[in-house]
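Shown next: protein-v3.cif, containing mmCIF, C-alpha atoms.
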data_my_file
#
loop_
_atom_site.label_atom_id
_atom_site.label_comp_id
_atom_site.auth_asym_id
_atom_site.auth_seq_id
_atom_site.Cartn_x
_atom_site.Cartn_y
_atom_site.Cartn_z
CA MET U 5 16.41 22.29 -13.74
CA ARG U 6 17.34 21.17 -10.21
CA LEU U 7 20.65 19.32 -9.95
CA ILE U 8 20.47 15.72 -8.81
CA LEU U 9 23.54 14.38 -7.05
CA ILE U 10 24.24 10.95 -8.49
CA LEU U 11 26.80 8.33 -7.52
CA LEU U 12 27.68 5.59 -9.99
CA ALA U 13 29.04 2.38 -8.52
CA SER U 14 30.43 -0.12 -10.99
CA SER U 15 33.71 -1.37 -12.35
CA ASN U 16 32.09 -2.62 -15.54
CA LYS U 17 33.17 -0.26 -18.35
CA LYS U 18 30.36 -1.29 -20.66
CA LEU U 19 27.75 -0.61 -17.99
CA LEU U 20 29.34 2.71 -17.03
CA ALA U 21 29.29 3.82 -20.67
CA ARG U 22 25.59 2.99 -20.87
CA TRP U 23 24.88 4.91 -17.65
CA GLU U 24 26.79 7.95 -18.84
CA GLN U 25 24.76 7.95 -22.05
CA GLY U 26 21.54 7.79 -20.07
CA LEU U 27 22.64 10.47 -17.64
CA LEU U 28 23.29 13.25 -20.14
CA GLY U 29 21.93 16.42 -18.60
CA PHE U 30 22.40 15.24 -15.02
CA SER U 31 25.21 16.56 -12.85
CA PRO U 32 27.27 16.39 -10.72
CA ILE U 33 28.06 12.69 -10.97
CA TRP U 34 30.64 10.77 -8.94
CA LEU U 35 32.12 7.40 -9.71
CA SER U 36 33.16 4.54 -7.43
CA THR U 37 34.61 1.30 -8.67
CA ASN U 38 34.66 -0.66 -5.42
CA CYS U 39 32.64 -1.05 -2.27
CA ASN U 40 34.87 0.97 0.04
CA GLN U 41 34.80 3.94 -2.29
CA VAL U 42 31.01 3.74 -2.42
CA LYS U 43 30.73 3.80 1.39
CA ASP U 44 33.10 6.72 1.55
CA LYS U 45 31.24 8.76 -1.07
CA LEU U 46 27.84 7.92 0.40
CA VAL U 47 28.96 9.57 3.63
CA LYS U 48 31.01 12.47 2.25
CA ASN U 49 29.11 13.47 -0.90
CA LYS U 50 25.62 12.49 0.25
CA PRO U 51 24.33 11.59 -3.23
CA GLU U 52 20.57 11.62 -3.75
CA VAL U 53 20.69 8.71 -6.18
CA LEU U 54 23.01 5.70 -6.23
CA LEU U 55 23.20 3.60 -9.39
CA LEU U 56 24.62 0.34 -8.12
CA ASP U 57 25.98 -2.56 -10.15
CA TYR U 58 24.76 -5.78 -8.51
CA ASP U 59 28.07 -7.36 -9.52
CA LEU U 60 30.25 -4.62 -8.01
CA PRO U 61 33.41 -6.27 -6.60
CA GLU U 62 33.07 -7.13 -2.88
CA LEU U 63 29.45 -6.05 -2.76
CA ASP U 64 28.31 -9.54 -1.69
CA GLY U 65 24.73 -9.39 -3.01
CA ALA U 66 21.78 -8.49 -0.81
CA ASP U 67 23.75 -8.42 2.48
CA GLY U 68 26.21 -5.96 1.01
CA ILE U 69 23.38 -3.75 -0.24
CA ILE U 70 21.79 -3.61 3.23
CA ASN U 71 25.17 -2.63 4.60
CA LEU U 72 25.58 0.15 2.02
CA LEU U 73 22.12 1.54 2.74
CA LYS U 74 23.18 2.14 6.34
CA PHE U 75 25.81 4.63 5.21
CA ASN U 76 23.22 6.97 3.70
CA SER U 77 19.63 5.93 4.22
CA ASP U 78 18.35 8.92 2.25
CA ALA U 79 20.04 7.90 -1.00
CA LYS U 80 17.64 6.37 -3.49
CA VAL U 81 19.26 3.20 -4.74
CA VAL U 82 18.73 1.77 -8.23
CA ILE U 83 20.21 -1.67 -8.79
CA PHE U 84 21.47 -2.78 -12.20
CA SER U 85 21.63 -6.52 -12.56
CA PRO U 86 21.30 -9.45 -14.91
CA LEU U 87 17.88 -11.10 -14.75
CA LEU U 88 17.20 -11.99 -11.10
CA ALA U 89 14.60 -14.38 -9.73
CA ASP U 90 11.41 -12.55 -8.70
CA GLU U 91 11.92 -13.46 -5.03
CA ILE U 92 15.47 -12.07 -4.95
CA GLU U 93 14.46 -8.86 -6.68
CA TRP U 94 11.47 -8.37 -4.36
CA GLU U 95 13.76 -8.91 -1.36
CA LEU U 96 15.91 -6.01 -2.60
CA PHE U 97 12.85 -3.74 -2.65
CA ARG U 98 11.97 -4.88 0.88
CA MET U 99 15.40 -3.65 1.91
CA GLY U 100 14.55 -0.21 0.61
CA ILE U 101 15.91 0.09 -2.94
CA ARG U 102 13.73 2.28 -5.19
CA GLY U 103 14.43 0.73 -8.55
CA CYS U 104 15.83 -2.30 -10.30
CA CYS U 105 16.89 -2.35 -13.97
CA ARG U 106 18.45 -4.92 -16.24
CA ASN U 107 22.06 -4.26 -17.26
CA ASN U 108 21.01 -3.98 -20.89
CA ILE U 109 18.36 -1.29 -20.29
CA GLU U 110 18.21 1.37 -22.99
CA PRO U 111 20.08 4.55 -21.96
CA GLU U 112 16.98 6.76 -22.30
CA GLN U 113 15.12 4.43 -19.94
CA ILE U 114 17.79 5.10 -17.30
CA ASN U 115 16.96 8.76 -17.62
CA PHE U 116 13.23 8.04 -17.13
CA ALA U 117 13.96 5.76 -14.17
CA ILE U 118 15.93 8.42 -12.31
CA LYS U 119 13.32 11.09 -12.91
CA ALA U 120 10.58 8.70 -11.77
CA ILE U 121 12.26 7.76 -8.50
CA GLN U 122 13.04 11.42 -7.85
CA HIS U 123 9.25 11.96 -8.00
CA GLY U 124 8.67 9.29 -5.38
CA GLU U 125 7.80 6.57 -7.88
CA LEU U 126 9.09 3.03 -7.83
CA TRP U 127 10.92 1.55 -10.84
CA ILE U 128 9.78 -2.04 -10.52
CA ARG U 129 8.72 -4.82 -12.87
CA ARG U 130 4.95 -5.15 -13.01
CA THR U 131 5.18 -8.87 -12.27
CA LEU U 132 6.62 -8.02 -8.84
CA THR U 133 3.62 -5.93 -7.86
CA ASN U 134 1.83 -9.12 -6.81
CA PHE U 135 4.41 -9.54 -4.02
CA MET U 136 3.88 -5.93 -3.05
CA LEU U 137 0.09 -6.26 -2.83
CA GLN U 138 0.37 -9.40 -0.71
CA GLU U 139 2.90 -7.77 1.61
CA LEU U 140 0.79 -4.63 2.00
CA VAL U 141 -2.24 -6.73 2.96
CA GLU U 142 -0.15 -8.76 5.43
CA VAL U 143 1.45 -5.76 7.17
CA THR U 144 -2.00 -4.13 7.40
CA LYS U 145 -3.48 -7.27 8.97
CA GLU U 146 -0.61 -7.32 11.47
CA LYS U 147 -1.05 -3.61 12.22
CA ASN U 148 -4.79 -4.13 12.78
CA ARG U 149 -4.10 -7.13 15.01
CA ILE U 150 -1.77 -5.11 17.23
CA GLU U 151 -4.20 -2.17 17.27
CA GLN U 152 -6.99 -4.50 18.35
CA ALA U 153 -4.83 -6.00 21.09
CA VAL U 154 -3.87 -2.52 22.29
CA ASN U 155 -7.53 -1.48 22.31
CA ASP U 156 -8.43 -4.57 24.35
CA LEU U 157 -5.79 -3.61 26.90
CA LEU U 158 -6.92 0.01 26.95
CA GLU U 159 -10.39 -1.15 27.90
CA ASN U 160 -8.94 -2.24 31.24
CA LEU U 161 -8.04 1.36 32.09
CA THR U 162 -10.34 3.51 34.16
CA ARG U 163 -11.65 6.67 32.58
CA ARG U 164 -9.07 8.77 34.44
CA GLU U 165 -6.20 6.45 33.52
CA TYR U 166 -7.28 6.53 29.87
CA GLU U 167 -7.40 10.32 29.97
CA ILE U 168 -3.87 10.45 31.37
CA ALA U 169 -2.60 7.89 28.85
CA MET U 170 -4.02 9.99 26.00
CA LEU U 171 -2.28 13.09 27.34
CA VAL U 172 1.01 11.17 27.51
CA GLY U 173 0.39 10.20 23.87
CA CYS U 174 0.11 13.92 23.07
CA GLY U 175 3.54 14.46 24.63
CA GLU U 176 2.41 16.14 27.87
CA SER U 177 4.63 16.01 30.98
CA ASN U 178 3.34 14.85 34.39
CA LYS U 179 3.37 18.45 35.53
CA ARG U 180 1.22 19.62 32.61
CA ILE U 181 -1.13 16.67 33.00
CA ALA U 182 -1.56 17.47 36.69
CA SER U 183 -2.32 21.08 35.87
CA LYS U 184 -4.77 20.18 33.08
CA LEU U 185 -6.70 17.70 35.20
CA ALA U 186 -6.45 19.77 38.41
CA ILE U 187 -4.80 16.96 40.37
CA THR U 188 -1.39 16.68 42.02
CA GLU U 189 1.69 15.40 40.22
CA ARG U 190 1.92 12.65 42.79
CA THR U 191 -1.57 11.44 41.81
CA VAL U 192 -0.54 11.48 38.14
CA LYS U 193 2.47 9.31 39.02
CA ALA U 194 0.25 6.87 40.91
CA HIS U 195 -2.06 6.62 37.89
CA MET U 196 0.95 6.11 35.62
CA THR U 197 2.18 3.18 37.72
CA GLU U 198 -1.23 1.57 37.42
CA ILE U 199 -1.36 2.25 33.64
CA PHE U 200 2.07 0.62 33.12
CA ARG U 201 0.94 -2.41 35.11
CA LYS U 202 -2.30 -2.83 33.17
CA LEU U 203 -0.70 -2.34 29.76
CA HIS U 204 2.32 -4.55 30.54
CA ILE U 205 4.81 -1.84 29.66
CA SER U 206 7.66 -0.35 31.61
CA ASP U 207 8.11 3.24 30.55
CA ARG U 208 6.56 6.44 29.32
CA ILE U 209 8.03 6.31 25.80
CA LYS U 210 6.35 2.99 25.09
CA LEU U 211 3.08 4.36 26.42
CA ALA U 212 3.42 7.45 24.22
CA LEU U 213 4.07 5.30 21.12
CA MET U 214 1.14 3.07 21.96
CA MET U 215 -1.23 6.00 22.44
CA LYS U 216 0.03 7.81 19.35
CA ASP U 217 -1.46 5.07 17.16
CA THR U 218 -4.73 5.19 19.09
CA ILE U 219 -4.92 8.96 18.73
CA SER U 220 -4.24 8.83 14.99
CA SER U 221 -6.86 6.12 14.41
CA LEU U 222 -9.37 8.14 16.45
CA ASN U 223 -8.63 11.15 14.26
CA GLN U 224 -9.10 9.05 11.13
CA SER U 225 -12.43 7.64 12.30
CA LYS U 226 -13.73 11.17 12.82
CA VAL U 227 -13.47 11.86 9.08
CA SER U 228 -14.54 8.40 7.92
CA ASP U 229 -17.96 8.20 9.49
CA TYR U 230 -19.83 6.90 6.48
CA ASN U 231 -22.78 4.55 5.95
CA ASP U 232 -22.52 2.04 3.15
CA PRO U 233 -25.04 2.15 0.34
CA PRO U 234 -26.65 -1.00 -1.05
CA TYR U 235 -24.79 -2.58 -3.98
CA PHE U 236 -26.02 -4.43 -7.00
CA ILE U 237 -24.32 -7.23 -8.83
CA VAL J 21 -6.85 -18.94 -24.75
CA GLN J 22 -8.65 -19.29 -21.43
CA THR J 23 -11.56 -16.92 -20.89
CA ILE J 24 -11.28 -14.39 -18.06
CA THR J 25 -14.59 -14.01 -16.27
CA VAL J 26 -15.57 -10.54 -15.07
CA ALA J 27 -18.49 -9.37 -12.90
CA VAL J 28 -19.58 -5.84 -12.02
CA VAL J 29 -20.78 -4.28 -8.76
CA ASP J 30 -22.35 -0.85 -8.62
CA ALA J 31 -24.33 1.12 -6.08
CA CYS J 32 -26.67 2.01 -8.94
CA GLN J 33 -28.46 -0.86 -10.69
CA GLU J 34 -28.93 1.08 -13.90
CA LYS J 35 -25.27 2.03 -14.14
CA ARG J 36 -24.25 -1.55 -13.58
CA VAL J 37 -26.40 -2.82 -16.44
CA GLN J 38 -25.10 -0.04 -18.71
CA LEU J 39 -21.54 -0.95 -17.89
CA GLU J 40 -22.14 -4.65 -18.46
CA GLN J 41 -23.75 -3.93 -21.81
CA SER J 42 -21.00 -1.60 -22.94
CA LEU J 43 -18.37 -4.17 -21.96
CA GLN J 44 -20.20 -6.93 -23.81
CA GLN J 45 -20.23 -4.83 -26.98
CA ASP J 46 -16.56 -3.91 -26.69
CA LYS J 47 -14.54 -5.31 -29.61
CA ASP J 48 -11.33 -5.41 -27.58
CA MET J 49 -12.81 -7.83 -25.10
CA ASP J 50 -11.62 -11.04 -26.70
CA ALA J 51 -11.15 -13.83 -24.17
CA ILE J 52 -13.08 -11.82 -21.56
CA GLU J 53 -16.54 -12.90 -20.48
CA ILE J 54 -18.89 -10.62 -18.54
CA LEU J 55 -20.88 -12.55 -15.96
CA THR J 56 -24.31 -11.31 -14.99
CA ASP J 57 -26.51 -12.52 -12.22
CA ALA J 58 -29.06 -14.45 -14.25
CA ILE J 59 -31.39 -14.97 -11.30
CA SER J 60 -31.55 -11.32 -10.43
CA GLY J 61 -32.84 -10.16 -13.83
CA TYR J 62 -33.02 -6.39 -13.70
CA LYS J 63 -36.22 -4.36 -13.43
CA GLY J 64 -38.34 -7.21 -12.12
CA ASN J 65 -36.14 -7.70 -9.11
CA ILE J 66 -35.12 -4.20 -8.25
CA GLU J 67 -37.72 -3.81 -5.50
CA ARG J 68 -36.69 -7.04 -3.92
CA ARG J 69 -33.06 -5.92 -4.07
CA LEU J 70 -33.81 -2.62 -2.41
CA LYS J 71 -35.69 -4.27 0.43
CA PRO J 72 -33.48 -4.43 3.53
CA ARG J 73 -33.02 -7.96 4.82
CA ALA J 74 -32.45 -8.17 8.53
CA ASP J 75 -30.61 -11.46 8.25
CA LEU J 76 -28.15 -10.28 5.60
CA THR J 77 -25.90 -7.22 5.48
CA PHE J 78 -25.05 -5.71 2.14
CA VAL J 79 -21.51 -7.12 2.44
CA ASP J 80 -22.88 -10.64 3.09
CA ASP J 81 -25.21 -10.22 0.16
CA ILE J 82 -22.46 -9.30 -2.27
CA VAL J 83 -20.07 -11.93 -0.97
CA ALA J 84 -22.78 -14.61 -1.33
CA ARG J 85 -23.41 -13.63 -4.94
CA ILE J 86 -19.73 -13.50 -5.79
CA GLU J 87 -19.22 -16.90 -4.20
CA ARG J 88 -21.94 -18.18 -6.49
CA MET J 89 -20.76 -16.46 -9.68
CA LYS J 90 -17.03 -17.01 -9.03
CA PRO J 91 -15.73 -14.32 -11.40
CA ARG J 92 -11.96 -14.08 -11.80
CA ILE J 93 -12.20 -10.29 -11.72
CA LEU J 94 -14.76 -8.14 -9.94
CA LEU J 95 -15.13 -4.55 -11.07
CA VAL J 96 -16.53 -2.35 -8.34
CA ASN J 97 -17.85 0.97 -9.53
CA ILE J 98 -17.40 3.27 -6.61
CA GLN J 99 -18.05 6.84 -5.60
CA ILE J 100 -15.53 8.81 -3.58
CA GLN J 101 -17.35 8.69 -0.24
CA GLN J 102 -17.75 4.92 -0.44
CA LEU J 103 -14.01 4.44 -0.07
CA TYR J 104 -14.20 4.85 3.70
CA ASP J 105 -14.23 2.21 6.41
CA GLY J 106 -17.43 0.35 5.54
CA PHE J 107 -16.26 -0.25 2.04
CA CYS J 108 -13.03 -1.80 3.24
CA ASN J 109 -15.15 -4.39 5.09
CA LEU J 110 -16.45 -5.48 1.71
CA LEU J 111 -12.92 -5.76 0.34
CA SER J 112 -11.59 -7.73 3.28
CA SER J 113 -14.63 -10.05 3.30
CA LEU J 114 -14.18 -10.71 -0.40
CA ARG J 115 -10.49 -11.38 0.16
CA ARG J 116 -11.26 -13.90 2.89
CA GLN J 117 -14.24 -15.62 1.34
CA CYS J 118 -13.58 -15.32 -2.39
CA PRO J 119 -9.76 -15.40 -2.58
CA GLU J 120 -9.81 -16.40 -6.26
CA THR J 121 -11.70 -13.22 -7.20
CA LEU J 122 -9.53 -10.15 -7.81
CA VAL J 123 -11.17 -6.80 -7.11
CA VAL J 124 -10.53 -3.73 -9.26
CA LEU J 125 -12.18 -0.43 -8.36
CA LEU J 126 -13.62 1.77 -11.09
CA ILE J 127 -13.08 5.31 -9.90
CA ASP J 128 -12.75 8.91 -10.91
CA GLU J 129 -8.98 9.08 -10.39
CA LYS J 130 -8.74 12.84 -10.17
CA ALA J 131 -11.33 13.07 -7.42
CA ILE J 132 -9.92 10.48 -5.03
CA LYS J 133 -7.14 11.05 -2.55
CA GLU J 134 -4.13 8.76 -2.51
CA ASN J 135 -4.56 7.64 1.11
CA LEU J 136 -8.01 6.26 0.34
CA LEU J 137 -6.64 4.28 -2.58
CA LEU J 138 -3.82 2.99 -0.40
CA ASN J 139 -6.34 1.91 2.21
CA ALA J 140 -8.31 0.00 -0.41
CA LEU J 141 -5.15 -1.76 -1.61
CA ALA J 142 -4.23 -2.61 1.99
CA ASN J 143 -7.61 -4.29 2.32
CA GLY J 144 -7.29 -6.39 -0.80
CA ALA J 145 -8.11 -4.30 -3.90
CA ARG J 146 -5.86 -5.24 -6.82
CA GLY J 147 -5.97 -1.93 -8.60
CA PHE J 148 -7.94 1.05 -9.92
CA PHE J 149 -9.24 1.96 -13.31
CA ASP J 150 -10.56 5.33 -14.36
CA ASN J 151 -14.25 5.21 -15.27
CA SER J 152 -13.69 7.35 -18.34
CA MET J 153 -11.27 4.77 -19.79
CA VAL J 154 -13.62 1.80 -19.67
CA ASN J 155 -14.28 1.59 -23.40
CA THR J 156 -10.66 1.94 -24.46
CA PRO J 157 -8.08 -0.74 -25.34
CA SER J 158 -6.41 -0.17 -21.92
CA PHE J 159 -9.40 -1.82 -20.29
CA SER J 160 -8.76 -5.30 -21.69
CA LYS J 161 -5.05 -4.78 -21.08
CA MET J 162 -5.86 -4.08 -17.43
CA ILE J 163 -8.08 -7.18 -17.14
CA LYS J 164 -5.35 -9.39 -18.57
CA ALA J 165 -2.64 -7.89 -16.34
CA VAL J 166 -4.73 -8.24 -13.19
CA ASP J 167 -5.61 -11.81 -14.18
CA GLN J 168 -1.85 -12.49 -14.24
CA GLY J 169 -1.60 -11.26 -10.65
CA GLU J 170 -0.26 -7.79 -11.37
CA ALA J 171 -1.43 -4.68 -9.55
CA TRP J 172 -3.02 -2.02 -11.75
CA VAL J 173 -1.85 1.14 -10.06
CA SER J 174 0.33 4.09 -11.00
CA ARG J 175 4.09 4.03 -10.36
CA LYS J 176 3.50 6.87 -7.92
CA LEU J 177 1.10 4.76 -5.90
CA LEU J 178 3.53 1.84 -6.04
CA GLY J 179 6.04 4.18 -4.38
CA GLU J 180 3.50 5.02 -1.68
CA MET J 181 2.70 1.33 -1.14
CA MET J 182 6.38 0.56 -0.69
CA ASN J 183 6.75 3.47 1.76
CA GLU J 184 3.85 2.06 3.75
CA ILE J 185 5.40 -1.42 3.81
CA LEU J 186 8.81 -0.09 4.86
CA PHE J 187 7.21 2.13 7.51
CA SER J 188 5.43 -0.93 8.94
CA TYR J 189 8.75 -2.77 9.15
CA SER J 190 10.30 0.11 11.08
CA MET J 191 7.28 0.34 13.40
CA LYS J 192 7.44 -3.39 13.97
CA THR J 193 11.01 -3.02 15.18
CA ASN J 194 9.99 -0.19 17.53
CA GLU J 195 6.92 -1.95 18.83
CA ALA J 196 8.38 -5.44 19.13
CA ASP J 197 9.15 -5.02 22.81
CA PHE J 198 5.64 -4.00 23.76
CA ASP J 199 3.48 -5.99 21.39
CA PRO J 200 0.73 -6.98 23.83
CA THR J 201 -0.13 -10.07 21.81
CA CYS J 202 3.33 -11.59 22.25
#
Write out the structure in this file as structure tokens.
Amino acid sequence: MRLILILLASSNKKLLARWEQGLLGFSPIWLSTNCNQVKDKLVKNKPEVLLLDYDLPELDGADGIINLLKFNSDAKVVIFSPLLADEIEWELFRMGIRGCCRNNIEPEQINFAIKAIQHGELWIRRTLTNFMLQELVEVTKEKNRIEQAVNDLLENLTRREYEIAMLVGCGESNKRIASKLAITERTVKAHMTEIFRKLHISDRIKLALMMKDTISSLNQSKVSDYNDPPYFI
Amino acid sequence: VQTITVAVVDACQEKRVQLEQSLQQDKDMDAIEILTDAISGYKGNIERRLKPRADLTFVDDIVARIERMKPRILLVNIQIQQLYDGFCNLLSSLRRQCPETLVVLLIDEKAIKENLLLNALANGARGFFDNSMVNTPSFSKMIKAVDQGEAWVSRKLLGEMMNEILFSYSMKTNEADFDPTC
């Protein structure tokens, strides 16, 4: 069995005892009883999983959790709390935690939760999935809106400018672009100036990011060329 | 107990009727009512249904019927290749025009890739249910959970959904200074 590095962060003896019961078979495990120790161990020990007591002294709720996540963004955080309002709990997931359990969770459930999040799953109450679905739809709508706006702007480019923009999106240098298109580097630069002006951007990195999305959606549309069948209700 | 109304969509008319019948006979389906399109009948109207109508796309057609039937839950029986772009148009149209109807896709879970499922969820699907599980007690459990607003997806897929949401947040930060719509 692969070892999972776990950090426990709580000063509540009852909760710690419950965690230890649930974590039989896992090792190594470190313990922190205050916020500063947690930050320190997140950096030095690089735990894969952090079990965090929502009432840890000096944690300061959601703001404190965001702050902790900055010290080791790879650590998968599971919060243990009394019953929280749905909105508060969902906000914690939006910050990047991977699980949220009640303080009185059965020890064997803790074991399941850790294994699940190690497999990329989310340990979340089913009632919160409604928030997740709504958010996913919203971020997708926003992504599509930006993609559409980018496409509208790209339509202003000439064929040559578009070609050059695509090559920038693939990470090519001006020199390589010049060589590929059999033009001089100076001409490439002139095209680039015009591309920046038309797309309202100021540098190559932004252009590359912009084109990266276009390239990936073009690649996706190549495999999703499908005609809908009729449906019956 | 309030009845939960359910309608079925299928690319195959025969399969749809079979599914409706099997659901109606299911003993676990207390408080669940299967809606059928009374006007459409079945065999008598099949030719009319197959006839392409220039003034109505298939998405418009379905949306119009769902607007009329107003089911709480719409089960869409879908084949793997239908999960591509065109199908998502149906989901987003239903989301816009029939926001009270929650769409669940009936699929063959093993045969469908995660990214396609994620795409369907991003366009408004509320969950997935394996075709082979339709006549089991989990089916009515799923209907009741979805009616309560819950997603019916695996924990693994929930993890992927969250990754997608968090990735969008990070992209938003990166793109904020060149969002051409701002």
**Request:** For segment 56-65 of chain U, work out the shell of residues within 9 Å, counting only C-alpha atoms and skipping chain neighbours fewer than 6 positions away, then give it as a ChimeraX atom specification.
**Result:** /U:11-16,19,37-40,72,81-86,107
**Message:** Could you tell me, as a PyMOL selection string, exactly which residues end up selected when the PyMOL selection byres ((chain J and resi 153) around 12) is applied to this structure?
**Reply:** chain J and resi 39+43+126-129+148-152+154-162
**Message:** Given the point (-2.1, -1.8, 19.1) in the file's coordinates, find the residues that have an atom at most 8 Å from it, counting all atoms listed in the file, and give them as a PyMOL selection string.
**Reply:** (chain U and resi 147-155+214+217-218) or (chain J and resi 199-200)
**Prompt:** Hey, which of U:Ala194, U:Ile70, U:Leu96, U:Leu203 ends up closest to chain J? Count only C-alpha atoms.
**Reply:**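 For chain J, the nearest of the given residues is U:Leu203.
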**Request:** Check which residues satisfy the PyMOL selection byres ((chain J) within 6 of (chain U)) in the file shown, then give them as a list in words.
**Result:** Val28, Val29, Asp30, Ala31, Gln33, Phe78, Tyr104, Gly106, Ala142, Asn143, Gly169, Glu170, Ala171, Arg175, Lys176, Leu178, Gly179 and Ile185 of chain J
**Prompt:** So how far away is atom CA of Asn49 of chain U from atom CA of Asp78 of chain U, in Å?
**Reply:** 12.1 Å
Taking the file above as input, evaluate the PyMOL selection byres ((chain U and resi 45) around 12) and report the hits as a compact mmCIF listing (two decimals) with C-alpha atoms, keeping the file's coordinate frame.
# COMPACT_ATOMS: atom_id res chain seq x y z
CA LEU U 9 23.54 14.38 -7.05
CA ILE U 10 24.24 10.95 -8.49
CA LEU U 11 26.80 8.33 -7.52
CA LEU U 12 27.68 5.59 -9.99
CA ALA U 13 29.04 2.38 -8.52
CA ILE U 33 28.06 12.69 -10.97
CA TRP U 34 30.64 10.77 -8.94
CA LEU U 35 32.12 7.40 -9.71
CA SER U 36 33.16 4.54 -7.43
CA THR U 37 34.61 1.30 -8.67
CA ASN U 38 34.66 -0.66 -5.42
CA CYS U 39 32.64 -1.05 -2.27
CA ASN U 40 34.87 0.97 0.04
CA GLN U 41 34.80 3.94 -2.29
CA VAL U 42 31.01 3.74 -2.42
CA LYS U 43 30.73 3.80 1.39
CA ASP U 44 33.10 6.72 1.55
CA LEU U 46 27.84 7.92 0.40
CA VAL U 47 28.96 9.57 3.63
CA LYS U 48 31.01 12.47 2.25
CA ASN U 49 29.11 13.47 -0.90
CA LYS U 50 25.62 12.49 0.25
CA PRO U 51 24.33 11.59 -3.23
CA GLU U 52 20.57 11.62 -3.75
CA VAL U 53 20.69 8.71 -6.18
CA LEU U 54 23.01 5.70 -6.23
CA LEU U 72 25.58 0.15 2.02
CA PHE U 75 25.81 4.63 5.21
CA ASN U 76 23.22 6.97 3.70
CA ALA U 79 20.04 7.90 -1.00
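If you look at atom CA of Thr25 of chain J and atom CA of Glu91 of chain U, they are 28.8 Å away from each other.
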**Atomic distance atom CA of Thr162 of chain U - atom CA of Phe200 of chain U, expressed in Å with one decimal** = 12.8 Å
**Request:** May I ask which of the residues J:Leu55, J:Met49, J:Phe187, J:Glu134 is the closest one to Arg88 of chain J, counting only C-alpha atoms?
**Result:** J:Leu55
